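Here the structure is laid out as structure tokens; the discussion comes afterwards.
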Amino acid sequence: MIADLARDLAEVAPRWNFIWLYDPVTGGKILSGIWMTIKLSIACLIFSMIIGVVGAWLQGSPSRILRGFVNGYIQFFRNTPPFVQLLFFYFALGQFTPVVTAPDGWTVQPIISNVGWAIISLSFFAGAFNVEIFRAGIEAVPESTREASEALGFSRTQTFRYIVMPLAVRVCLPALNNNLVNLVKTTTQAFGIAVPELLYQSVTIWNDYPSAQYPTMLLLFVVYILLVGVLVMGMNNWERQMKIPGYGA
């Protein structure tokens with residue numbers, strides 16, 4: 001029924017051709033694009049969080065070399081555009097990527113695909129901001145709390161893992177929420193290296209069917225509003241569950 005309505009609308013108003021509602025090929029492209037966007041977003045969210053936690057921990061390291069390395073990483077990724085970083089990773093560093101023989105036995109392919117480079121680049125970009133976010137949360141933990149944990153015999157790693165980080169996360173959550181939302185929206189830049197996410201698939205559809213441009217652009221807005229909405233709801237729920245009355249968020 002929906003397919004028939006979409007087909008009839010395309011005949012009455014040619015500029016509003018919801019072709020992916022009645023054409024299985026374009027419909028499949030949209031679904032695969034949404035699925036790729038979700039996988040790309042989840043992977044980047046996870047790796048950027050890991051980078052943020054590890055980087056914040058290394059910033060407190062007694063080694064000046066480690067602290068300098070983390071600070072250099074932060075300055076590099078915060079002070080350059082994410083799209084330029086994406087192109088640098090894919091086209092510059094990608095030239096040095098080892099290759100393997102494809103299953104056909106004739107061609108070769110790099111061990112890191114365009115999807116892999118998108119995950120690496122976007123994760124490092126968001127991770128640089130996450131390091132600073134977690135650092136701010138760590139510094140908000142009272143020094144007396146750390147001293148108490150050391151008095152109980154906790155090592156530096158144990159203090160960070162069991163005492164400091166659980167408290168710091170509660171302070172970080174509002175800022176972390178904003179950064180992760182921006183990361184989900186930034187995944188559209190993977191279009192630049194032909195990652196078949198939703199924007200890429202949408203462009204291929206309206207290039208083949210110009211009458212489908214307006215409906216497909218509308219779909220892009222709706223899908224990203226839903227994706228970001230789900231993330232925000234999840235983060236807000238996490239924030240409420242972790243809230244300690246009188247402390248942090």
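Naming scheme: A, B, ... for chains in displayed order of the structure tokens; residues 1 onward per chain; ligands 1 onward as shown.
Within the 8 Å cut-off around A:Ala118, using only C-alpha atoms and omitting residues fewer than 6 positions from it on the same chain, the listed residues are A:Leu86, A:Tyr90, A:Ala190, A:Ile193, A:Val195.
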Please dump the current selection as a PDB file, in the first residue's frame; keep N, CA and C atoms.
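Contents of the output file out.pdb:
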```pdb
ATOM      1  N   LEU A  86      40.755  12.937   7.568  1.00  0.00           N
ATOM      2  CA  LEU A  86      40.242  11.752   6.902  1.00  0.00           C
ATOM      3  C   LEU A  86      40.961  11.525   5.578  1.00  0.00           C
ATOM      4  N   TYR A  90      43.550   8.383   4.645  1.00  0.00           N
ATOM      5  CA  TYR A  90      43.208   7.460   3.557  1.00  0.00           C
ATOM      6  C   TYR A  90      44.189   7.546   2.397  1.00  0.00           C
ATOM      7  N   ALA A 190      32.689  10.589   5.966  1.00  0.00           N
ATOM      8  CA  ALA A 190      33.245   9.377   5.363  1.00  0.00           C
ATOM      9  C   ALA A 190      32.821   9.252   3.903  1.00  0.00           C
ATOM     10  N   ILE A 193      35.601   9.510   1.171  1.00  0.00           N
ATOM     11  CA  ILE A 193      36.479   8.401   0.753  1.00  0.00           C
ATOM     12  C   ILE A 193      35.625   7.192   0.340  1.00  0.00           C
ATOM     13  N   VAL A 195      32.979   5.690   1.542  1.00  0.00           N
ATOM     14  CA  VAL A 195      32.392   4.730   2.483  1.00  0.00           C
ATOM     15  C   VAL A 195      30.891   4.693   2.212  1.00  0.00           C
TER      16      VAL A 195
END
```
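Using only C-alpha atoms, the contacts of A:Gly60 at a cut-off of 12 Å, with sequence neighbours closer than 4 positions omitted, comprise Val53, Val54, Gly55, Ala56, Arg64, Ile65, Leu66, Arg67, Gly68, Val70, Asn71, Val131, Phe134, Arg135, Ala136, Ile138, Glu139, Arg156, Thr157, Phe160 and Val164 of chain A.
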Find the residues near A:Ala126: any atom within 10 Å, counting only C-alpha atoms, skip ones fewer than 6 places away on the same chain, and give them as a PyMOL selection string.
-> chain A and resi 44-45+47-49+51-52+74+77-78+82+179-180+182-184+186
Restricting the output to N, CA and C atoms, write the selected residues as a CSV table (one decimal), in the first residue's frame.
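Once everything was written out, this is result-v5.csv:
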```csv
chain,number,residue,atom,x,y,z
A,44,CYS,N,33.1,4.1,16.0
A,44,CYS,CA,33.8,5.4,16.4
A,44,CYS,C,33.5,5.8,17.8
A,45,LEU,N,32.3,5.6,18.3
A,45,LEU,CA,32.0,6.0,19.7
A,45,LEU,C,32.8,5.1,20.6
A,47,PHE,N,35.7,3.4,20.1
A,47,PHE,CA,37.1,3.6,20.1
A,47,PHE,C,37.5,5.0,20.6
A,48,SER,N,36.7,6.0,20.3
A,48,SER,CA,37.0,7.4,20.8
A,48,SER,C,36.9,7.4,22.3
A,49,MET,N,36.0,6.7,22.9
A,49,MET,CA,35.9,6.6,24.4
A,49,MET,C,37.1,6.0,25.0
A,51,ILE,N,40.1,5.8,23.6
A,51,ILE,CA,41.2,6.8,23.4
A,51,ILE,C,41.1,7.9,24.5
A,52,GLY,N,39.9,8.4,24.7
A,52,GLY,CA,39.8,9.4,25.7
A,52,GLY,C,40.2,9.0,27.1
A,74,ILE,N,46.7,15.7,21.0
A,74,ILE,CA,45.5,16.5,21.2
A,74,ILE,C,45.6,17.7,20.3
A,77,PHE,N,45.0,16.9,16.4
A,77,PHE,CA,43.7,16.5,16.0
A,77,PHE,C,42.6,17.5,16.3
A,78,ARG,N,42.9,18.4,17.3
A,78,ARG,CA,41.9,19.4,17.6
A,78,ARG,C,42.1,20.6,16.7
A,82,PRO,N,38.5,17.8,10.6
A,82,PRO,CA,38.3,16.3,10.5
A,82,PRO,C,38.3,15.8,9.1
A,179,ASN,N,29.9,15.8,22.7
A,179,ASN,CA,31.0,15.4,21.7
A,179,ASN,C,30.6,14.1,21.0
A,180,LEU,N,29.9,13.2,21.6
A,180,LEU,CA,29.5,12.0,20.9
A,180,LEU,C,28.4,12.3,19.9
A,182,ASN,N,28.2,15.1,18.2
A,182,ASN,CA,28.9,15.7,17.1
A,182,ASN,C,29.6,14.6,16.3
A,183,LEU,N,30.1,13.6,17.0
A,183,LEU,CA,30.8,12.5,16.3
A,183,LEU,C,29.9,11.7,15.3
A,184,VAL,N,28.7,11.4,15.8
A,184,VAL,CA,27.7,10.7,14.9
A,184,VAL,C,27.4,11.5,13.7
A,186,THR,N,29.4,13.7,12.4
A,186,THR,CA,30.7,13.9,11.6
A,186,THR,C,30.9,12.6,10.7
```
Interatomic distance (Å, one decimal) between atom CA of A:Gln241 and atom CA of A:Ser41 =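 Distance between the two atoms: 23.4 Å.
Computed from the coordinates, the atom CA of A:Gly33 to atom CA of A:Pro196 distance equals 6.0 Å.
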Selection: 9 Å around stretch 217-221 of chain A, only C-alpha atoms, excl. self and same-chain fewer than 5 positions, as an mmCIF file with N, CA and C atoms, in the first residue's frame:
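This is the output file result04.cif:
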```cif
data_model
loop_
_atom_site.group_PDB
_atom_site.id
_atom_site.type_symbol
_atom_site.label_atom_id
_atom_site.label_comp_id
_atom_site.auth_asym_id
_atom_site.auth_seq_id
_atom_site.Cartn_x
_atom_site.Cartn_y
_atom_site.Cartn_z
ATOM 1 N N LEU A 198 24.990 6.301 4.683
ATOM 2 C CA LEU A 198 23.704 6.792 4.185
ATOM 3 C C LEU A 198 23.842 7.947 3.206
ATOM 4 N N LEU A 199 24.704 8.905 3.499
ATOM 5 C CA LEU A 199 24.860 10.042 2.587
ATOM 6 C C LEU A 199 25.380 9.585 1.234
ATOM 7 N N SER A 202 22.656 7.865 -0.634
ATOM 8 C CA SER A 202 21.636 8.838 -1.037
ATOM 9 C C SER A 202 22.074 9.606 -2.280
ATOM 10 N N ALA A 212 14.294 12.114 -7.192
ATOM 11 C CA ALA A 212 14.277 11.594 -5.824
ATOM 12 C C ALA A 212 15.146 12.406 -4.881
ATOM 13 N N LEU A 226 16.708 10.807 14.247
ATOM 14 C CA LEU A 226 16.392 9.619 15.040
ATOM 15 C C LEU A 226 17.643 9.025 15.684
#
```
Contact residues around A:Ser211 with only C-alpha atoms at 12 Å, ignoring same-chain residues under 4 positions, as a PyMOL selection string = chain A and resi 9-11+13-20+205-207+215-217
Based on the selection just made, write C-alpha atoms of those residues as a compact mmCIF listing (two decimals), in the first residue's frame.
```
# COMPACT_ATOMS: atom_id res chain seq x y z
CA LEU A 9 2.72 10.61 -5.67
CA ALA A 10 5.67 10.43 -8.06
CA GLU A 11 3.26 10.64 -11.00
CA ALA A 13 4.34 15.46 -8.12
CA PRO A 14 7.47 14.33 -10.04
CA ARG A 15 9.79 16.31 -7.76
CA TRP A 16 8.74 14.13 -4.82
CA ASN A 17 9.67 10.69 -6.03
CA PHE A 18 10.04 8.43 -2.97
CA ILE A 19 11.54 5.80 -5.21
CA TRP A 20 13.12 3.83 -2.35
CA ILE A 205 20.27 7.47 -5.74
CA TRP A 206 19.56 11.07 -6.65
CA ASN A 207 22.34 11.05 -9.24
CA PRO A 215 12.64 13.01 -0.66
CA THR A 216 16.06 11.48 -0.10
CA MET A 217 17.39 14.66 1.51
```
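Residue nearest A:Phe83, chosen from A:Gly192, A:Gly153, A:Pro142, A:Pro62 and counting only C-alpha atoms: A:Gly192.
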What residues in stretch 17-180 of chain A get the DSSP label alpha helix (DSSP H)? Please answer as a VMD selection string.
-> chain A and resid 24 to 59 64 to 78 82 to 87 114 to 140 143 to 151 156 to 158 165 to 180
Please return as a list in words: the residues of stretch 79-142 of chain A that backbone DSSP assigns to strand (DSSP E).
-> Val99, Val100, Thr101, Val108, Gln109 and Pro110 of chain A
Which one of A:Thr159, A:Ser123, A:Asn178, A:Asn114 sits closest to A:Gly94 if you count only C-alpha atoms?
->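 Selected residue with least distance to A:Gly94: A:Asn114.
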Nearest residue to A:Ile2 from the set A:Val222, A:Leu21, A:Ile46, A:Val171 (distances using only C-alpha atoms) =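 Of A:Val222, A:Leu21, A:Ile46, A:Val171, the one nearest A:Ile2 is A:Leu21, counting only C-alpha atoms.
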Skip A:Pro174 itself and residues of its chain fewer than 3 positions away, then list as a count of residues only all residues within 10 Å of it, counting only C-alpha atoms.
-> 12
Which residues come within 8 Å of A:Leu40, counting only C-alpha atoms, excluding same-chain residues fewer than 6 positions away, as a PyMOL selection string?
-> chain A and resi 115+119+187
Could you jot down the atom CA of A:Ile50 to atom CA of A:Val100 separation for me, Å, one decimal place?
-> 28.8 Å
